[in-house]
Each structure stands twice: as structure tokens, then as C-alpha cells.
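Structure record follows, encoded as C-alpha cells.
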Amino acid sequence: MFNQTHNTICCGTDSRDYCTTTDTVKRPQNYRAPVDVYETDTEFRVIADMPGTCSELIVISIEDNTLTIDAEVSDRYATLGAVRRQEYGVGDFHRSFRIGDGINADGIAATYCDGVLSVTLPKAEARKPRRIDIKTA
Amino acid sequence: MNTRTILAPATTAMDSVRHEIDHVFDRLTTSSLASVLPTTRFLDAIRPHPAVNMIEDDNNLFFEAELPGVTATDLDVTIADNMLTISGTRTLEAPEDSTSLRRERSTNTFERLVRIPSSVDADHIDATLADGILTVTIPKFEGTRTRRVAVQEN
């Protein structure tokens, strides 16, 4: 089970480092959104804090076994007024993960609610734990 | 690329001391003597503080905080003695029967106190929560609004 997990959504050698990011800096105001990753028997779930965007501006793509999440955040201060005190920056969110062959890429689904993006990555059939029925002779 | 620390935890003792000092100083500047008395916050000050940005236009002050995953029912916005308090809890919902593989998002109660200038009208405060962003709008008093003066050319 452990190895299976390991092959499916991670590439780290440390067991704590499941989802090694392959982020590259696009522009300085890009932010790396904090994520939680969960695994069940049938799927992986990636949950990311990405406040201030909307479902139309979030792009989730898979290429070369890399799952990439890009969320554009519009510059809301441009119309609101002058920033007098700034404790956090506003910019696009970006995050990427390497995933293995054990994901059914066609079945990936995502929802965005209250600033939280939730991406469901179903495991490929062959990777799901199966229960073998024992027949009586 | 920076990781956005959305609810930075106050994990050290110094943070709770700083929080308490902030609070006492903020209270000292108010006129009521009772409010200067020590508060009980010192002991439960190990709370994350959401970051707050302040934006100003001609007629309003806006205080904005990123609170992804927080619903309006779990959020409290109060104003007293020119102190704006944003507090609440957020619960992280894990899928049923799941194992956590990575955990970067923080959960907990949070609280943030922000001093607001006396030039605003706290009676007409308005707060909206959309896409994980809380915006508190406080109108300026009539006399403190920015007025544009037309410059005549001679």
C-alpha cells in the first residue's frame, strides 16, 4: 500500500515529502498556495487555499506526469483605492505535482468554494485495492 | 516564489507577549480607564493572526483579510473602542476514511485586532465575504472625506 501510494502521486524519497513540487518562478508575484493531500481507497484529494480567484480563472492541466494548478487572481486593488498598509501580497497562485501512472487522468474533477480549490484524482482501476471473493469448493 | 502564510501561527512565547503588549497599548489610547486593566488574553494568545491589508479611497477605508474556507457563520467581525476584531474558526474537511499525505493548511481559531482611525464612521461598518476574502468597509466621516478642489487658471 505504501509503495503504491509512493508511485502514484509522489516522487520524494522521504516519506514525509510525498508531493515534491516542481514549481518554477513565472513572475515575482506568483504564490505557492498551501495544500493538503489526502488519500482514500479510490482517490487522491488535493485541497489548496487560493482566495480571490474564481473557477473560470483556474487552469488545471496534466502534462508529462505533472499536474499543474494555475489560478489567476485579478488585481482587485487597481479599482478599489490606494493601499495604505500591506501585510500580504496579491498575485496569482501556482502549484505543481508530479503524479504517476496510477491516476485516471480523464476522471479528474475540481470544485472551488469559499476560496478553497479541491481537486479529486481518481485512482486507475488497476491501482484500487480489490477484495477477492473466495469461492467454496 | 513565496508560500502564502494565510494564518500564521503564533507559536512562540514572544508572539503572545507581543500580542498582549499590542493590546494594552491599543487600550491605553482609549479614554475608558476600565479598558486599561489587564485582559485575560495572555493565556490563550496562541492563536494565528490573519494578515490584514488596508486600502483607502476618497470615501471609505477597506480592511481586507484572506480567510479561505471560512464561512460567514464561523466568522465574527466586531468593532469597539476603535478596535476592529476579526475572529473565527475554520474547519478543514478531510474526505471520509482518508489518510493525510501532506498538511500545509492550518486550522484553528484565529483572531486579529486592528486599530481603526477616528476619522471613520464605525456605525456604518459593512463586511462581505467572497471567495475566501473578507472585506470590511468603513465609511469616512463627512468632514474627513477627500474633496477635490478645482484649480482655476488665471
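All residue names refer to the C-alpha cells as shown: chains lettered A, B, ... in order, residues numbered from 1 in each chain, ligands numbered from 1 in order.
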
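With only C-alpha atoms taken into account, chain A has Val25, Asn30, Tyr31, Arg32, Pro34, Val35, Asp36, Val37, Tyr38, Glu39, Thr40, Asp49, Pro51, Gly52, Gly81, Ala82, Val83, Arg84, Arg85, Gln86, Glu87, Asp114, Gly115 and Val116 of chain A at most 6 Å from chain B.
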
- Query: Any idea what's packed within 8 Å of B:Thr89, counting only C-alpha atoms, ignoring anything in its chain fewer than 3 positions away? Could you give it as a list in words?
  - Reply: Val70, Asp74, Leu75, Thr107, Asn108, Thr109 and Phe110 of chain B

With all heavy atoms retained, export the selected residues as a PDB file, in the first residue's frame.
```pdb
ATOM      1  N   VAL B  70     -13.367  29.730   5.289  1.00  0.00           N
ATOM      2  CA  VAL B  70     -14.137  30.218   6.436  1.00  0.00           C
ATOM      3  C   VAL B  70     -15.504  30.653   5.921  1.00  0.00           C
ATOM      4  O   VAL B  70     -15.597  31.352   4.913  1.00  0.00           O
ATOM      5  CB  VAL B  70     -13.413  31.405   7.120  1.00  0.00           C
ATOM      6  CG1 VAL B  70     -14.239  31.952   8.273  1.00  0.00           C
ATOM      7  CG2 VAL B  70     -12.039  30.973   7.609  1.00  0.00           C
ATOM      8  N   ASP B  74     -19.047  31.146  10.706  1.00  0.00           N
ATOM      9  CA  ASP B  74     -17.905  30.873  11.590  1.00  0.00           C
ATOM     10  C   ASP B  74     -17.023  32.098  11.782  1.00  0.00           C
ATOM     11  O   ASP B  74     -15.910  31.988  12.289  1.00  0.00           O
ATOM     12  CB  ASP B  74     -17.045  29.737  11.016  1.00  0.00           C
ATOM     13  CG  ASP B  74     -17.779  28.418  11.039  1.00  0.00           C
ATOM     14  OD1 ASP B  74     -18.629  28.241  11.921  1.00  0.00           O
ATOM     15  OD2 ASP B  74     -17.516  27.581  10.166  1.00  0.00           O
ATOM     16  N   LEU B  75     -17.509  33.239  11.339  1.00  0.00           N
ATOM     17  CA  LEU B  75     -16.684  34.449  11.359  1.00  0.00           C
ATOM     18  C   LEU B  75     -17.365  35.519  12.195  1.00  0.00           C
ATOM     19  O   LEU B  75     -18.578  35.703  12.131  1.00  0.00           O
ATOM     20  CB  LEU B  75     -16.500  34.929   9.913  1.00  0.00           C
ATOM     21  CG  LEU B  75     -15.621  36.137   9.681  1.00  0.00           C
ATOM     22  CD1 LEU B  75     -14.188  35.846  10.064  1.00  0.00           C
ATOM     23  CD2 LEU B  75     -15.684  36.535   8.216  1.00  0.00           C
ATOM     24  N   THR B 107      -5.356  24.960  10.569  1.00  0.00           N
ATOM     25  CA  THR B 107      -6.720  25.024  11.068  1.00  0.00           C
ATOM     26  C   THR B 107      -6.643  25.531  12.485  1.00  0.00           C
ATOM     27  O   THR B 107      -5.648  25.353  13.152  1.00  0.00           O
ATOM     28  CB  THR B 107      -7.392  23.640  11.039  1.00  0.00           C
ATOM     29  OG1 THR B 107      -8.682  23.768  11.630  1.00  0.00           O
ATOM     30  CG2 THR B 107      -6.605  22.616  11.824  1.00  0.00           C
ATOM     31  N   ASN B 108      -7.645  26.212  12.893  1.00  0.00           N
ATOM     32  CA  ASN B 108      -7.681  26.642  14.287  1.00  0.00           C
ATOM     33  C   ASN B 108      -8.612  27.823  14.402  1.00  0.00           C
ATOM     34  O   ASN B 108      -9.196  28.275  13.445  1.00  0.00           O
ATOM     35  CB  ASN B 108      -6.295  27.054  14.807  1.00  0.00           C
ATOM     36  CG  ASN B 108      -6.132  26.650  16.260  1.00  0.00           C
ATOM     37  OD1 ASN B 108      -7.122  26.565  16.968  1.00  0.00           O
ATOM     38  ND2 ASN B 108      -4.936  26.404  16.682  1.00  0.00           N
ATOM     39  N   THR B 109      -8.684  28.302  15.618  1.00  0.00           N
ATOM     40  CA  THR B 109      -9.355  29.578  15.779  1.00  0.00           C
ATOM     41  C   THR B 109      -8.335  30.657  15.434  1.00  0.00           C
ATOM     42  O   THR B 109      -7.137  30.428  15.538  1.00  0.00           O
ATOM     43  CB  THR B 109      -9.820  29.779  17.228  1.00  0.00           C
ATOM     44  OG1 THR B 109      -8.688  29.623  18.074  1.00  0.00           O
ATOM     45  CG2 THR B 109     -10.868  28.764  17.620  1.00  0.00           C
ATOM     46  N   PHE B 110      -8.809  31.782  14.997  1.00  0.00           N
ATOM     47  CA  PHE B 110      -7.903  32.875  14.684  1.00  0.00           C
ATOM     48  C   PHE B 110      -8.503  34.171  15.209  1.00  0.00           C
ATOM     49  O   PHE B 110      -9.714  34.266  15.422  1.00  0.00           O
ATOM     50  CB  PHE B 110      -7.658  32.969  13.174  1.00  0.00           C
ATOM     51  CG  PHE B 110      -8.904  33.090  12.357  1.00  0.00           C
ATOM     52  CD1 PHE B 110      -9.472  34.328  12.108  1.00  0.00           C
ATOM     53  CD2 PHE B 110      -9.526  31.960  11.853  1.00  0.00           C
ATOM     54  CE1 PHE B 110     -10.634  34.432  11.367  1.00  0.00           C
ATOM     55  CE2 PHE B 110     -10.695  32.063  11.116  1.00  0.00           C
ATOM     56  CZ  PHE B 110     -11.243  33.297  10.869  1.00  0.00           C
TER      57      PHE B 110
END
```

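By only C-alpha atoms, and with residues fewer than 6 positions from B:Ala127 along its chain excluded, the set lying at most 9 Å from it is Val77, Leu134, Thr135, Val136, Thr137 and Ile138 of chain B.
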
Using N, CA, C and O atoms, can you export the residues from the last selection as a CSV table (one decimal), in the first residue's frame?
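Result written to result10.csv:
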```csv
chain,number,residue,atom,x,y,z
B,77,VAL,N,-17.0,39.6,13.2
B,77,VAL,CA,-16.4,40.9,13.0
B,77,VAL,C,-17.0,41.9,13.9
B,77,VAL,O,-18.2,42.1,13.9
B,134,LEU,N,-12.3,38.4,3.1
B,134,LEU,CA,-13.2,39.3,3.9
B,134,LEU,C,-12.9,40.8,3.6
B,134,LEU,O,-11.7,41.1,3.7
B,135,THR,N,-13.9,41.5,3.3
B,135,THR,CA,-13.6,43.0,3.1
B,135,THR,C,-14.5,43.7,4.1
B,135,THR,O,-15.8,43.6,4.0
B,136,VAL,N,-13.9,44.5,4.9
B,136,VAL,CA,-14.7,45.3,5.9
B,136,VAL,C,-14.6,46.7,5.4
B,136,VAL,O,-13.5,47.3,5.2
B,137,THR,N,-15.7,47.3,5.1
B,137,THR,CA,-15.8,48.7,4.6
B,137,THR,C,-16.3,49.6,5.6
B,137,THR,O,-17.4,49.4,6.2
B,138,ILE,N,-15.5,50.7,5.9
B,138,ILE,CA,-16.0,51.7,6.9
B,138,ILE,C,-15.9,53.0,6.2
B,138,ILE,O,-14.9,53.5,5.8
```

- Please provide the set of residues having any atom within 7 Å of B:Asp76, restricted to only C-alpha atoms, with same-chain residues fewer than 4 positions apart removed, written as a PyMOL selection string. chain B and resi 86-88

- Query: Got a sec: who's within 8 Å of stretch 108-112 of chain A, counting only C-alpha atoms, leaving out chain neighbours fewer than 3 positions off, as a PyMOL selection string?
  - Reply: chain A and resi 54-55+104-105+115-122

- Name the residues in contact with B:Ala122 at a cut-off of 12 Å, using only C-alpha atoms, excluding same-chain residues fewer than 6 positions from it; report them as JSON, numbers by chain. {"B": [60, 61, 78, 79, 80, 81, 82, 83, 84, 115, 116, 136, 137, 138, 139, 140, 141]}

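The coordinates place atom CA of A:Ala33 at 17.9 Å from atom CA of A:Ile62.
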
- From the list A:Asp70, A:Glu125, A:Glu56, A:Asp64, the nearest residue to A:Ser96 using only C-alpha atoms is A:Asp70

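In this model, the gap between atom CA of A:Gly91 and atom CA of B:Arg112 comes to 22.6 Å.
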
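If you look at atom CA of B:Glu111 and atom CA of A:His94, they are 27.6 Å away from each other.
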
- Can you list, as a ChimeraX atom specification, every residue of stretch 64-122 of chain A that DSSP puts in alpha helix (DSSP H)? /A:77-80

Keeping N, CA and C atoms, export the residues of the selection given above as a PDB file, in the first residue's frame.
```pdb
ATOM      1  N   TYR A  77      -7.057  45.602  -6.222  1.00  0.00           N
ATOM      2  CA  TYR A  77      -6.759  46.916  -5.646  1.00  0.00           C
ATOM      3  C   TYR A  77      -6.678  48.004  -6.708  1.00  0.00           C
ATOM      4  N   ALA A  78      -6.558  47.586  -7.964  1.00  0.00           N
ATOM      5  CA  ALA A  78      -6.425  48.574  -9.033  1.00  0.00           C
ATOM      6  C   ALA A  78      -7.633  49.498  -9.066  1.00  0.00           C
ATOM      7  N   THR A  79      -8.801  48.953  -8.771  1.00  0.00           N
ATOM      8  CA  THR A  79     -10.008  49.775  -8.815  1.00  0.00           C
ATOM      9  C   THR A  79     -10.476  50.199  -7.424  1.00  0.00           C
ATOM     10  N   LEU A  80     -10.018  49.502  -6.401  1.00  0.00           N
ATOM     11  CA  LEU A  80     -10.551  49.744  -5.050  1.00  0.00           C
ATOM     12  C   LEU A  80     -10.035  51.042  -4.440  1.00  0.00           C
TER      13      LEU A  80
END
```
